[in-house]
>>> print(open('model.cif').read())   # mmCIF, C-alpha atoms
data_query
#
loop_
_atom_site.label_atom_id
_atom_site.label_comp_id
_atom_site.auth_asym_id
_atom_site.auth_seq_id
_atom_site.Cartn_x
_atom_site.Cartn_y
_atom_site.Cartn_z
CA MET A 1 -132.13 -18.59 -168.70
CA LYS A 2 -130.04 -21.33 -170.21
CA LYS A 3 -131.97 -21.19 -173.40
CA SER A 4 -131.66 -17.48 -173.64
CA CYS A 5 -127.96 -17.80 -172.96
CA SER A 6 -127.56 -20.24 -175.85
CA ILE A 7 -129.48 -17.96 -178.10
CA PHE A 8 -127.37 -15.14 -176.95
CA LEU A 9 -124.16 -17.07 -177.65
CA ILE A 10 -125.25 -17.53 -181.23
CA ALA A 11 -125.93 -13.83 -181.47
CA ALA A 12 -122.66 -13.06 -179.78
CA ALA A 13 -120.77 -15.23 -182.23
CA ALA A 14 -122.31 -13.29 -185.02
CA LEU A 15 -121.51 -9.98 -183.46
CA ILE A 16 -118.10 -10.96 -182.08
CA THR A 17 -118.62 -8.65 -179.17
CA ALA A 18 -119.85 -10.17 -175.94
CA THR A 19 -117.60 -12.59 -174.09
CA SER A 20 -119.97 -13.98 -171.47
CA CYS A 21 -123.63 -14.42 -170.93
CA LYS A 22 -123.58 -12.32 -167.81
CA LYS A 23 -122.25 -9.34 -169.65
CA ASP A 24 -124.59 -9.68 -172.57
CA ASN A 25 -126.01 -6.20 -172.18
CA THR A 26 -122.88 -4.30 -171.38
CA THR A 27 -120.71 -2.74 -174.00
CA ALA A 28 -118.00 -0.27 -173.14
CA PRO A 29 -119.19 3.26 -173.96
CA ALA A 30 -117.24 4.86 -176.75
CA ALA A 31 -114.77 7.36 -175.36
CA THR A 32 -115.99 10.90 -175.94
CA VAL A 33 -113.88 12.73 -178.47
CA TYR A 34 -113.06 16.30 -177.51
CA TYR A 35 -111.95 19.23 -179.60
CA MET A 36 -110.18 22.41 -178.51
CA GLY A 37 -107.70 25.09 -179.58
CA GLY A 38 -107.68 26.72 -182.99
CA ASP A 39 -109.13 29.96 -184.23
CA GLN A 40 -111.99 32.23 -183.24
CA MET A 41 -113.65 35.13 -184.98
CA ALA A 42 -116.75 37.26 -185.12
CA ARG A 43 -116.43 40.87 -186.31
CA PRO A 44 -114.03 41.43 -189.18
CA ALA A 45 -110.47 42.56 -188.57
CA ILE A 46 -110.77 42.99 -184.81
CA ASN A 47 -108.08 40.58 -183.70
CA THR A 48 -105.92 41.55 -186.65
CA VAL A 49 -106.00 45.27 -185.92
CA PHE A 50 -106.35 45.51 -182.17
CA VAL A 51 -104.34 42.61 -180.79
CA ASP A 52 -100.57 42.53 -180.97
CA ALA A 53 -98.83 39.52 -182.50
CA ALA A 54 -97.79 38.01 -179.20
CA ALA A 55 -101.37 38.01 -177.91
CA LYS A 56 -103.25 36.97 -181.05
CA ASP A 57 -103.39 33.31 -180.11
CA SER A 58 -104.49 34.07 -176.58
CA PHE A 59 -107.25 36.35 -177.92
CA ASN A 60 -108.36 33.47 -180.14
CA ASN A 61 -108.61 31.27 -177.07
CA ALA A 62 -110.29 33.80 -174.79
CA LEU A 63 -113.98 33.26 -174.16
CA PRO A 64 -116.10 36.25 -175.19
CA THR A 65 -117.00 36.75 -171.53
CA GLN A 66 -113.29 37.10 -170.71
CA MET A 67 -112.27 39.40 -173.54
CA SER A 68 -113.09 42.72 -171.92
CA GLY A 69 -111.27 41.87 -168.70
CA LEU A 70 -108.20 40.59 -170.51
CA PHE A 71 -107.94 42.98 -173.44
CA LEU A 72 -109.81 46.24 -172.84
CA ALA A 73 -106.70 48.18 -171.80
CA LYS A 74 -104.86 46.92 -174.89
CA PHE A 75 -107.75 47.92 -177.15
CA LYS A 76 -107.82 51.43 -175.68
CA ALA A 77 -104.07 51.81 -176.13
CA ARG A 78 -104.21 50.53 -179.68
CA LEU A 79 -107.03 52.89 -180.60
CA ALA A 80 -105.10 55.82 -179.14
CA ALA A 81 -102.03 54.82 -181.14
CA LEU A 82 -103.97 54.32 -184.38
CA ASN A 83 -105.68 57.69 -184.16
CA PRO A 84 -104.09 60.07 -181.63
CA GLY A 85 -106.61 62.72 -182.67
CA TYR A 86 -109.66 60.58 -181.86
CA THR A 87 -112.46 62.51 -180.21
CA THR A 88 -115.71 60.74 -181.02
CA ASN A 89 -116.89 58.89 -184.10
CA ALA A 90 -119.92 59.03 -186.36
CA LEU A 91 -121.84 56.94 -183.83
CA GLY A 92 -121.01 59.45 -181.10
CA GLN A 93 -118.79 56.97 -179.30
CA THR A 94 -115.90 58.05 -177.13
CA ALA A 95 -112.67 56.11 -177.49
CA ASP A 96 -113.52 54.10 -174.38
CA GLN A 97 -116.99 53.33 -175.69
CA LEU A 98 -115.68 52.18 -179.08
CA ALA A 99 -112.94 50.06 -177.50
CA GLY A 100 -115.47 48.64 -175.06
CA LEU A 101 -117.81 47.68 -177.88
CA LEU A 102 -115.17 46.07 -180.05
CA VAL A 103 -113.28 44.16 -177.38
CA THR A 104 -116.06 41.61 -176.88
CA ASP A 105 -115.75 40.03 -180.28
CA VAL A 106 -119.19 38.69 -181.07
CA LEU A 107 -121.31 39.46 -184.12
CA ASN A 108 -124.74 40.84 -183.22
CA VAL A 109 -127.46 39.51 -185.49
CA SER A 110 -131.07 40.60 -185.78
CA THR A 111 -133.44 37.66 -186.15
CA THR A 112 -136.37 39.90 -187.02
CA GLY A 113 -135.09 42.87 -189.01
CA THR A 114 -132.43 44.12 -191.40
CA THR A 115 -129.07 42.38 -191.18
CA THR A 116 -126.13 44.67 -191.88
CA PHE A 117 -122.81 45.72 -190.40
CA PHE A 118 -123.83 49.31 -190.99
CA ASP A 119 -126.14 50.69 -193.66
CA GLY A 120 -126.47 54.29 -192.52
CA THR A 121 -129.41 53.43 -190.27
CA ASN A 122 -128.92 50.00 -188.76
CA VAL A 123 -125.72 49.38 -186.82
CA LEU A 124 -124.27 45.94 -186.10
CA THR A 125 -127.35 43.87 -186.88
CA GLY A 126 -125.40 41.28 -188.86
CA ARG A 127 -122.83 41.13 -191.64
CA ALA A 128 -124.08 40.77 -195.18
CA LEU A 129 -121.78 39.57 -197.96
CA ALA A 130 -121.79 42.92 -199.74
CA ASP A 131 -121.25 45.05 -196.63
CA ASP A 132 -118.15 47.23 -196.98
CA VAL A 133 -117.02 46.42 -193.46
CA ILE A 134 -113.53 47.83 -193.89
CA ASP A 135 -114.83 51.28 -194.83
CA VAL A 136 -117.21 51.17 -191.87
CA GLU A 137 -114.37 50.37 -189.51
CA LEU A 138 -112.05 52.96 -191.08
CA ILE A 139 -114.75 55.63 -190.74
CA LEU A 140 -115.38 54.73 -187.10
CA LEU A 141 -111.66 54.74 -186.32
CA PHE A 142 -110.49 57.73 -188.36
CA GLY A 143 -113.53 59.69 -189.52
CA GLY A 144 -114.22 61.73 -186.41
CA PRO A 145 -117.68 62.89 -185.32
CA ASP A 146 -118.91 63.60 -188.84
CA GLY A 147 -117.03 60.77 -190.56
CA LYS A 148 -115.12 63.28 -192.65
CA SER A 149 -111.80 63.61 -190.83
CA ASN A 150 -108.69 62.00 -192.36
CA PRO A 151 -110.41 61.54 -195.74
CA GLY A 152 -107.45 59.63 -197.16
CA LEU A 153 -107.85 56.98 -194.50
CA THR A 154 -111.60 56.49 -194.29
CA SER A 155 -112.10 54.42 -197.44
CA ASP A 156 -109.94 51.94 -199.30
CA HIS A 157 -112.03 52.61 -202.42
CA VAL A 158 -112.75 48.93 -202.95
CA GLY A 159 -116.49 48.95 -202.56
CA ALA A 160 -117.58 45.55 -203.81
CA ASN A 161 -116.51 41.97 -204.29
CA ASP A 162 -114.81 40.80 -207.48
CA LYS A 163 -117.62 38.34 -208.28
CA ALA A 164 -121.37 38.77 -208.07
CA PHE A 165 -123.03 36.94 -205.20
CA LEU A 166 -125.81 34.44 -205.84
CA SER A 167 -129.42 35.32 -205.07
CA ALA A 168 -130.03 31.81 -203.73
CA PHE A 169 -128.31 29.45 -201.32
CA PRO A 170 -125.33 29.16 -200.81
CA TYR A 171 -125.11 32.85 -201.85
CA LEU A 172 -121.31 32.91 -202.21
CA ALA A 173 -119.96 32.96 -205.77
CA SER A 174 -118.33 29.94 -207.38
CA PRO A 175 -114.55 29.71 -206.93
CA TRP A 176 -111.99 31.13 -209.35
CA MET B 177 -100.02 66.64 -193.13
CA LYS B 178 -98.60 66.71 -189.64
CA LYS B 179 -101.58 64.74 -188.42
CA THR B 180 -101.01 62.17 -191.12
CA LYS B 181 -97.38 61.87 -190.12
CA ILE B 182 -98.38 61.25 -186.54
CA LEU B 183 -100.82 58.64 -187.70
CA VAL B 184 -98.25 56.96 -189.85
CA ALA B 185 -95.65 57.04 -187.12
CA ALA B 186 -98.12 55.49 -184.73
CA ALA B 187 -98.99 52.90 -187.31
CA ILE B 188 -95.35 52.06 -187.86
CA ALA B 189 -94.92 51.60 -184.15
CA ILE B 190 -97.83 49.20 -184.25
CA VAL B 191 -96.32 47.24 -187.08
CA ILE B 192 -93.01 46.95 -185.31
CA GLY B 193 -94.74 45.87 -182.16
CA GLY B 194 -97.47 43.85 -183.75
CA GLY B 195 -96.31 42.32 -186.98
CA ILE B 196 -98.02 42.77 -190.30
CA LEU B 197 -101.70 43.59 -190.08
CA TRP B 198 -104.00 41.38 -192.04
CA ALA B 199 -107.72 41.45 -192.55
CA ALA B 200 -110.51 40.53 -192.02
CA ASP B 201 -109.31 37.64 -189.93
CA HIS B 202 -107.14 36.13 -192.62
CA ILE B 203 -103.93 34.91 -191.09
CA ASP B 204 -104.64 36.48 -187.72
CA ALA B 205 -103.78 33.42 -185.71
CA PRO B 206 -100.07 32.57 -185.67
CA ALA B 207 -100.74 29.15 -184.16
CA VAL B 208 -103.05 28.06 -186.96
CA THR B 209 -101.95 30.05 -190.02
CA GLY B 210 -102.05 27.90 -193.11
CA GLN B 211 -104.01 25.19 -191.37
CA ALA B 212 -107.58 23.96 -191.75
CA THR B 213 -108.43 25.69 -188.49
CA ASP B 214 -107.68 29.18 -189.84
CA ILE B 215 -110.93 31.16 -190.03
CA THR B 216 -110.94 34.01 -192.54
CA ASP B 217 -114.41 35.51 -192.13
CA VAL B 218 -117.81 35.10 -190.54
CA TYR B 219 -121.05 36.37 -192.07
CA ALA B 220 -124.58 36.40 -190.68
CA PHE B 221 -127.47 37.73 -192.72
CA LYS B 222 -131.02 37.32 -193.93
CA GLY B 223 -131.03 35.34 -197.16
CA ALA B 224 -133.81 34.49 -199.57
CA ASN B 225 -136.00 33.20 -196.73
CA ALA B 226 -136.97 36.01 -194.35
CA SER B 227 -137.72 33.55 -191.54
CA SER B 228 -134.21 32.08 -191.64
CA ARG B 229 -130.73 33.44 -191.06
CA VAL B 230 -127.66 32.51 -193.09
CA PHE B 231 -124.36 31.87 -191.36
CA VAL B 232 -121.09 31.59 -193.28
CA ILE B 233 -117.78 30.45 -191.85
CA ASN B 234 -114.88 30.73 -194.29
CA THR B 235 -111.55 29.01 -193.73
CA GLN B 236 -108.15 28.57 -195.40
CA GLY B 237 -107.94 31.95 -197.10
CA LEU B 238 -106.02 33.32 -200.07
CA LEU B 239 -106.26 30.06 -202.01
CA SER B 240 -105.17 30.39 -205.64
CA PRO B 241 -107.20 28.41 -208.18
CA ALA B 242 -104.43 25.79 -208.27
CA ALA B 243 -104.33 25.57 -204.49
CA THR B 244 -108.11 25.37 -204.35
CA SER B 245 -108.19 22.30 -206.58
CA THR B 246 -106.35 20.32 -203.91
CA ALA B 247 -107.58 22.11 -200.77
CA LYS B 248 -109.50 19.93 -198.36
CA PHE B 249 -111.40 20.22 -195.15
CA ASP B 250 -109.75 18.43 -192.23
CA ALA B 251 -111.46 15.50 -190.52
CA GLY B 252 -109.80 16.46 -187.23
CA THR B 253 -111.13 20.01 -187.19
CA LEU B 254 -114.47 20.91 -185.65
CA ILE B 255 -115.97 24.04 -187.20
CA GLN B 256 -118.49 25.51 -184.78
CA LEU B 257 -120.95 28.38 -184.82
CA ASN B 258 -121.58 29.58 -181.28
CA ILE B 259 -124.98 31.17 -180.65
CA ASP B 260 -125.79 33.30 -177.61
CA ASN B 261 -129.53 33.89 -177.52
CA ASN B 262 -129.87 35.78 -174.23
CA ASN B 263 -127.15 38.40 -174.65
CA ASP B 264 -124.67 37.18 -172.03
CA ASN B 265 -121.97 36.21 -174.57
CA VAL B 266 -122.11 32.56 -173.52
CA GLU B 267 -123.10 30.02 -176.16
CA ASP B 268 -126.59 28.66 -175.53
CA LEU B 269 -126.62 26.71 -178.80
CA VAL B 270 -123.98 25.44 -181.18
CA ILE B 271 -124.07 24.30 -184.78
CA GLN B 272 -121.13 22.04 -185.55
CA ALA B 273 -119.65 20.92 -188.87
CA ILE B 274 -117.14 18.15 -189.22
CA TYR B 275 -115.73 16.51 -192.35
CA ASP B 276 -115.74 12.73 -192.62
CA GLY B 277 -113.60 12.48 -195.73
CA THR B 278 -116.54 12.76 -198.12
CA ASN B 279 -119.36 14.65 -196.49
CA MET B 280 -119.66 17.57 -194.15
CA LYS B 281 -121.77 16.42 -191.22
CA PHE B 282 -123.70 18.94 -189.18
CA TYR B 283 -124.87 18.72 -185.57
CA GLY B 284 -127.33 21.09 -183.91
CA PRO B 285 -128.50 23.70 -183.29
CA ALA B 286 -128.09 22.00 -179.92
CA LYS B 287 -127.41 23.04 -176.37
CA PRO B 288 -123.77 22.11 -175.72
CA ALA B 289 -122.97 19.65 -172.93
CA ALA B 290 -120.44 22.19 -171.72
CA THR B 291 -119.70 25.74 -172.81
CA GLY B 292 -116.20 27.09 -173.30
CA LEU B 293 -112.99 26.04 -174.94
CA LYS B 294 -113.52 22.27 -175.02
CA SER B 295 -116.26 20.84 -177.24
CA GLN B 296 -117.71 17.48 -178.17
CA LEU B 297 -120.13 16.56 -180.93
CA GLU B 298 -123.63 17.31 -179.67
CA GLY B 299 -126.38 14.78 -180.26
CA ALA B 300 -127.16 13.23 -183.61
CA VAL B 301 -126.28 14.41 -187.11
CA THR B 302 -128.96 16.87 -188.23
CA ALA B 303 -127.70 17.45 -191.77
CA SER B 304 -125.10 16.04 -194.13
CA VAL B 305 -123.90 17.26 -197.49
CA ALA B 306 -121.25 16.08 -199.94
CA VAL B 307 -118.42 18.58 -200.17
CA THR B 308 -118.85 20.36 -203.49
CA PRO B 309 -115.92 19.51 -205.77
CA TYR B 310 -113.82 22.41 -207.08
CA THR B 311 -114.86 21.65 -210.64
CA ALA B 312 -118.60 21.31 -209.95
CA ALA B 313 -120.79 23.50 -212.13
CA VAL B 314 -123.52 23.63 -209.51
CA PRO B 315 -123.04 23.76 -205.74
CA VAL B 316 -124.17 20.65 -203.85
CA THR B 317 -126.64 21.54 -201.11
CA ALA B 318 -128.78 19.55 -198.69
CA THR B 319 -131.53 20.18 -196.18
CA GLY B 320 -131.34 18.62 -192.73
CA THR B 321 -133.98 16.92 -190.62
CA ASN B 322 -134.50 20.21 -188.78
CA GLY B 323 -134.96 22.26 -191.95
CA MET B 324 -131.43 23.68 -191.92
CA GLN B 325 -129.94 24.06 -195.41
CA VAL B 326 -126.22 23.33 -195.69
CA PHE B 327 -123.28 23.68 -198.07
CA ALA B 328 -119.56 22.97 -197.80
CA GLY B 329 -116.88 23.53 -200.40
CA PRO B 330 -114.67 26.01 -202.25
CA ARG B 331 -116.09 29.47 -203.01
CA ASP B 332 -114.79 32.82 -204.14
CA ASP B 333 -113.59 34.75 -201.07
CA PRO B 334 -116.38 37.32 -200.59
CA PHE B 335 -114.08 39.63 -198.66
CA PHE B 336 -112.72 42.72 -200.44
CA PHE B 337 -110.06 45.13 -199.25
CA ASP B 338 -107.05 47.01 -200.61
CA LEU B 339 -104.80 45.22 -198.18
CA ASN B 340 -101.59 46.07 -199.99
CA GLN B 341 -102.20 49.81 -199.93
CA PHE B 342 -103.18 49.52 -196.28
CA LYS B 343 -99.84 47.84 -195.61
CA LYS B 344 -98.06 50.69 -197.43
CA ILE B 345 -99.86 53.25 -195.28
CA ILE B 346 -98.90 51.32 -192.20
CA ALA B 347 -95.31 51.07 -193.43
CA GLY B 348 -95.14 54.83 -194.06
CA THR B 349 -94.56 54.56 -197.81
CA ALA B 350 -98.04 55.92 -198.59
CA SER B 351 -100.18 58.47 -196.77
CA SER B 352 -103.59 57.52 -198.06
CA PHE B 353 -105.57 54.94 -199.98
CA ASN B 354 -105.74 55.04 -203.77
CA ASN B 355 -108.93 55.80 -205.66
CA PRO B 356 -109.81 53.37 -207.09
CA GLY B 357 -108.20 50.83 -204.81
CA THR B 358 -107.11 47.31 -205.65
CA ASP B 359 -108.84 44.32 -204.06
CA ALA B 360 -106.09 42.13 -202.66
CA PHE B 361 -108.52 39.22 -202.38
CA ALA B 362 -109.62 39.31 -206.02
CA GLY B 363 -109.18 35.96 -207.70
CA THR B 364 -108.71 34.03 -204.46
CA ASN B 365 -110.86 31.39 -202.85
CA VAL B 366 -111.77 30.01 -199.44
CA LEU B 367 -113.28 26.78 -198.15
CA SER B 368 -116.76 27.74 -197.00
CA VAL B 369 -119.35 26.28 -194.70
CA VAL B 370 -122.78 27.84 -195.21
CA MET B 371 -125.88 27.17 -193.11
CA GLU B 372 -129.32 28.68 -193.57
CA VAL B 373 -131.13 28.12 -190.28
CA PRO B 374 -134.82 28.66 -189.46
CA VAL B 375 -135.04 31.45 -186.88
CA SER B 376 -137.41 29.20 -184.90
CA LEU B 377 -134.41 26.99 -184.04
CA LEU B 378 -132.41 29.86 -182.57
CA ASN B 379 -134.60 30.73 -179.55
CA ALA B 380 -133.67 34.38 -179.83
CA SER B 381 -134.76 36.71 -177.08
CA GLY B 382 -135.58 40.28 -178.05
CA GLY B 383 -135.14 39.54 -181.73
CA LYS B 384 -131.37 39.27 -181.61
CA ILE B 385 -128.57 36.82 -181.08
CA ASN B 386 -124.81 37.07 -180.82
CA VAL B 387 -122.66 34.65 -182.80
CA TRP B 388 -119.00 33.80 -183.17
CA ALA B 389 -117.16 31.05 -184.99
CA THR B 390 -114.55 28.74 -183.55
CA THR B 391 -112.42 25.97 -184.96
CA LYS B 392 -111.16 23.30 -182.61
CA LYS B 393 -108.77 20.43 -183.17
CA LYS B 394 -109.35 16.87 -182.08
CA ILE B 395 -107.42 16.13 -178.89
#
>>> encode(input="model.cif", output="structure tokens")
Amino acid sequence: MKKSCSIFLIAAAALITATSCKKDNTTAPAATVYYMGGDQMARPAINTVFVDAAAKDSFNNALPTQMSGLFLAKFKARLAALNPGYTTNALGQTADQLAGLLVTDVLNVSTTGTTTFFDGTNVLTGRALADDVIDVELILLFGGPDGKSNPGLTSDHVGANDKAFLSAFPYLASPW
Amino acid sequence: MKKTKILVAAAIAIVIGGGILWAADHIDAPAVTGQATDITDVYAFKGANASSRVFVINTQGLLSPAATSTAKFDAGTLIQLNIDNNNDNVEDLVIQAIYDGTNMKFYGPAKPAATGLKSQLEGAVTASVAVTPYTAAVPVTATGTNGMQVFAGPRDDPFFFDLNQFKKIIAGTASSFNNPGTDAFAGTNVLSVVMEVPVSLLNASGGKINVWATTKKKI
């Protein structure tokens, strides 16, 4: 024991950590660093369009499981205000169904098939870089059952990015 | 015409009640606007490898080239991809990225010690990559111990939208979009974190997952 203590003291001197032989194996655990607050996002433009300014920060700090309970009524009211003539959309959704889908702001992603926000066939299976998500959302909000209502409001006529994407990782184009 | 007027009036009411509308998520968070925690967009797609999925979290939007040259990630900001793999909208796995002043360090995919608003770094670093300098001709990438490919650095903002015409419509000074429109995000950059993750690490049930991005500040 004494010998090991001496050996330990030499080691301790080198390490400048331990202060006694009896505590040779104890070091105070590093305090856990925590992170919280900030921003949150999944589907494009949901918070920006559907949540009023006063509530944006609280939406960003709502857990996805809480969003429907806290914000569904607001989403329904906002949809009704945006498009008073809303009946159904190109997906056949009523206003309540669309609001109910959008209020839980998570991005659904297929791990086996096509990944797209909407490609005419697949709906909400991801978000690819080239997806024209704004037109999709405008059509669902304003386009009516056949997507053709309010034609001036269903496309911003910007259909592609200003730089070509890369075919290999990291896919996004170099900065300007 | 009458319908349009109603729409515009409703939109104006929204603007008065809700401030200027931005998109996609650029400047949507009054508490973090202009900070490293401001997320602009999230992407999730199949890349070059069919058995992986690519996740992109973009931050600090609308950077001019001059602003990009000095833009930096923040060492006190945790950038986190939350992954729900059983469709209950609770994160079962997280992938975390945090800047150490030189490199972007990645943790996970790992089951978080606790779900919800408060996070801690989970387990050991699984990947690390030098942040690509603004002037680099080629992006710096790395592959982690778990096969996850990673990138961090400035990129062209992939988002496109005629935001200014949209604002005019909302303000009642225009009744429709222009054809062609004008991309308000043309010529601007973001600070990107890109991860290409083997699907085998995601434990998806039914061939799908739900994801969302969060940024959290050190407390």
>>> residues_near_point(input="model.cif", point="(-115.6, 46.2, -197.4)", cutoff="7 Å", atoms="all atoms listed in the file", output="list in words")
Asp131, Asp132, Val133, Ile134, Asp135, Val158, Gly159 and Ala160 of chain A; Phe335, Phe336 and Phe337 of chain B
>>> atom_distance(input="model.cif", atom1="atom CA of Lys344 of chain B", atom2="atom CA of Phe118 of chain A")
26.6 Å
>>> resolve_selection(input="model.cif", expression="the PyMOL selection byres ((chain A and resi 110) around 6)", output="list of chain:residue names")
A:Val109, A:Thr111, A:Thr112, A:Gly113, A:Thr125, B:Gly383, B:Lys384
>>> atom_distance(input="model.cif", atom1="atom CA of Gly37 of chain A", atom2="atom CA of Pro241 of chain B")
28.8 Å
>>> closest_residue(input="model.cif", among="B:Glu267, B:Asp260, B:Asp276, B:Asp214", to="chain A", atoms="only C-alpha atoms")
B:Asp214
>>> resolve_selection(input="model.cif", expression="the PyMOL selection byres ((chain B) within 6 of (chain A))", output="ChimeraX atom specification")
/B:186-187,194-195,197-201,204-205,213-214,218-221,241,265,293-296,330-332,334,336-338,352-353,355-357,362-363,365,383-395
